[in-house]
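*Asks:* Please find one structure pasted underneath; my questions will follow.
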Amino acid sequence: LFFMKKDKRTMEYMNTELLENEEFVQRMLEDKSMGREIVFGMIRKNWRALSTFPDKLRGDREILMAALKQDWHAMDFALKDEDGVNPFWSDRDVVLVAVRQDWHAILEMDKNLWPDTDIVRAAMLQYAPAIDHAP
């Protein structure tokens with residue numbers, strides 16, 4: 001952590017597995033002098049770091065989108081509501097990023113998004129029978 005405080009570019013050389021260590025990540029996040037850029041640096045280095053973030057950060061759309069750009073499975077780590085539902089599956093732009101990576105993401109999205117032609121087209125370009133899953 002000492003080196004991170006001196007030069008945030010140190011992140012480039014960090015072992016990616018270290019960013020999946022909740023204790024290490026929490027210590028980095030506790031230091032407010034590191035700023036929000038450290039959060040995005042961790043996500044760029046290892047999208048799975050999202051799983052170790054506190055609820056406030058796991059519920060941040062911008063942070064989630066940064067992780068999603070690497071792997072749509074980042075949705076598994078997004079903050080869930082009191083019913084255990086990931087509200088981002090109802091967010092058109094978030095879902096579109098996920099579906100563009102893997103058509104299977106369409107199976108997770110809120111059913112109210114099925115009429116969105118951009119999302120359905122993105123899934124069908126990968127697997128035409130994806131439309132068969134429409135409600």
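By convention here, the chains of the structure tokens are called A, B, ... in the order presented, each chain's residues are numbered starting at 1, and ligands are numbered starting at 1 in the order presented.
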When you look at Asp60 of chain A with a cut-off of 12 Å (counting only C-alpha atoms), what residues show up, excluding the ones that are within fewer than 4 positions of it in the same chain? I need them as a PyMOL selection string.

*Replies:* chain A and resi 36+39-40+50+53-56+64-67+75+77-80+87-88+94

*Asks:* Using C-alpha atoms, can you export the residues from the last selection as an mmCIF file, in the first residue's frame?

*Replies:*
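Okay, this is what ended up in part-v7.cif:
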data_model
loop_
_atom_site.group_PDB
_atom_site.id
_atom_site.type_symbol
_atom_site.label_atom_id
_atom_site.label_comp_id
_atom_site.auth_asym_id
_atom_site.auth_seq_id
_atom_site.Cartn_x
_atom_site.Cartn_y
_atom_site.Cartn_z
ATOM 1 C CA ARG A 36 -12.050 7.170 -6.788
ATOM 2 C CA VAL A 39 -11.365 1.945 -7.591
ATOM 3 C CA PHE A 40 -11.328 2.124 -11.382
ATOM 4 C CA LEU A 50 -15.848 -5.711 -7.514
ATOM 5 C CA PHE A 53 -16.049 -3.785 -2.632
ATOM 6 C CA PRO A 54 -18.439 -2.427 0.005
ATOM 7 C CA ASP A 55 -22.137 -2.216 -0.899
ATOM 8 C CA LYS A 56 -21.979 1.454 -1.812
ATOM 9 C CA LEU A 64 -20.285 -1.724 -12.497
ATOM 10 C CA MET A 65 -20.098 -0.574 -16.121
ATOM 11 C CA ALA A 66 -16.298 -0.473 -15.899
ATOM 12 C CA ALA A 67 -16.292 -4.073 -14.673
ATOM 13 C CA MET A 75 -23.335 -8.526 -12.733
ATOM 14 C CA PHE A 77 -21.236 -8.992 -7.869
ATOM 15 C CA ALA A 78 -23.547 -5.982 -8.229
ATOM 16 C CA LEU A 79 -25.472 -4.896 -5.157
ATOM 17 C CA LYS A 80 -28.831 -6.613 -4.840
ATOM 18 C CA PRO A 87 -31.731 -3.899 -10.181
ATOM 19 C CA PHE A 88 -29.184 -3.426 -12.947
ATOM 20 C CA VAL A 94 -26.129 -2.082 -18.558
#

*Asks:* Which residues are near Met124 of chain A? Cut-off 8 Å, only C-alpha atoms, ignore same chain within fewer than 6 positions. Put them as a ChimeraX atom specification.

*Replies:* /A:103,130-131

*Asks:* As a ChimeraX atom specification, please: every residue in segment 14-124 of chain A that DSSP puts in helix (DSSP H, G or I).

*Replies:* /A:16-20,22-30,32-34,36-45,47-52,55-58,61-68,72-77,87-90,92-101,103-107,111-113,117-124

*Asks:* Write out, as a short mmCIF file (atom, residue, chain, number, x, y, z; two decimals), in the first residue's frame, the residues just selected, with C-alpha atoms.

*Replies:*
data_model
loop_
_atom_site.label_atom_id
_atom_site.label_comp_id
_atom_site.auth_asym_id
_atom_site.auth_seq_id
_atom_site.Cartn_x
_atom_site.Cartn_y
_atom_site.Cartn_z
CA THR A 16 -4.36 -9.59 -10.04
CA GLU A 17 -5.22 -12.18 -7.39
CA LEU A 18 -4.33 -9.67 -4.69
CA LEU A 19 -7.31 -7.60 -5.85
CA GLU A 20 -9.61 -10.48 -4.96
CA GLU A 22 -11.09 -8.61 0.59
CA GLU A 23 -8.82 -7.50 3.43
CA PHE A 24 -6.27 -5.99 1.05
CA VAL A 25 -8.92 -4.21 -1.02
CA GLN A 26 -10.66 -2.84 2.08
CA ARG A 27 -7.38 -1.40 3.34
CA MET A 28 -6.83 0.30 -0.01
CA LEU A 29 -10.35 1.72 -0.01
CA GLU A 30 -10.08 3.01 3.57
CA LYS A 32 -9.48 8.35 1.11
CA SER A 33 -6.37 10.00 -0.30
CA MET A 34 -6.30 7.31 -2.99
CA ARG A 36 -12.05 7.17 -6.79
CA GLU A 37 -9.43 6.57 -9.46
CA ILE A 38 -8.01 3.72 -7.38
CA VAL A 39 -11.37 1.94 -7.59
CA PHE A 40 -11.33 2.12 -11.38
CA GLY A 41 -7.69 1.09 -11.42
CA MET A 42 -8.54 -2.03 -9.45
CA ILE A 43 -11.44 -2.81 -11.78
CA ARG A 44 -9.28 -2.33 -14.88
CA LYS A 45 -6.69 -4.68 -13.44
CA TRP A 47 -12.94 -6.95 -12.66
CA ARG A 48 -13.44 -9.53 -9.90
CA ALA A 49 -12.24 -6.93 -7.39
CA LEU A 50 -15.85 -5.71 -7.51
CA SER A 51 -16.78 -8.71 -5.35
CA THR A 52 -14.69 -7.33 -2.49
CA ASP A 55 -22.14 -2.22 -0.90
CA LYS A 56 -21.98 1.45 -1.81
CA LEU A 57 -19.41 0.76 -4.54
CA ARG A 58 -21.05 -2.47 -5.75
CA ARG A 61 -23.53 2.10 -11.90
CA GLU A 62 -20.33 3.67 -13.25
CA ILE A 63 -18.14 1.19 -11.38
CA LEU A 64 -20.29 -1.72 -12.50
CA MET A 65 -20.10 -0.57 -16.12
CA ALA A 66 -16.30 -0.47 -15.90
CA ALA A 67 -16.29 -4.07 -14.67
CA LEU A 68 -18.89 -5.15 -17.25
CA TRP A 72 -20.61 -9.58 -18.08
CA HIS A 73 -20.38 -11.89 -15.07
CA ALA A 74 -19.55 -8.78 -13.04
CA MET A 75 -23.34 -8.53 -12.73
CA ASP A 76 -23.07 -11.36 -10.20
CA PHE A 77 -21.24 -8.99 -7.87
CA PRO A 87 -31.73 -3.90 -10.18
CA PHE A 88 -29.18 -3.43 -12.95
CA TRP A 89 -30.86 -6.21 -14.93
CA SER A 90 -33.58 -3.60 -15.56
CA ARG A 92 -31.16 -0.96 -20.62
CA ASP A 93 -27.61 0.31 -21.10
CA VAL A 94 -26.13 -2.08 -18.56
CA VAL A 95 -27.97 -5.04 -20.08
CA LEU A 96 -26.90 -4.07 -23.59
CA VAL A 97 -23.22 -4.11 -22.55
CA ALA A 98 -23.71 -7.56 -21.01
CA VAL A 99 -25.64 -9.01 -23.96
CA ARG A 100 -23.10 -7.73 -26.48
CA GLN A 101 -20.55 -9.92 -24.71
CA TRP A 103 -26.20 -13.67 -25.55
CA HIS A 104 -26.88 -15.67 -22.37
CA ALA A 105 -27.14 -12.38 -20.48
CA ILE A 106 -30.51 -11.85 -22.12
CA LEU A 107 -31.81 -14.72 -20.02
CA LYS A 111 -38.63 -9.22 -19.05
CA ASN A 112 -39.73 -5.63 -19.70
CA LEU A 113 -36.59 -5.15 -21.80
CA THR A 117 -34.63 -4.23 -30.45
CA ASP A 118 -30.99 -3.30 -29.79
CA ILE A 119 -30.72 -5.80 -26.96
CA VAL A 120 -32.53 -8.59 -28.81
CA ARG A 121 -30.53 -7.94 -31.98
CA ALA A 122 -27.26 -8.10 -30.02
CA ALA A 123 -28.24 -11.50 -28.66
CA MET A 124 -29.49 -12.82 -32.00
#
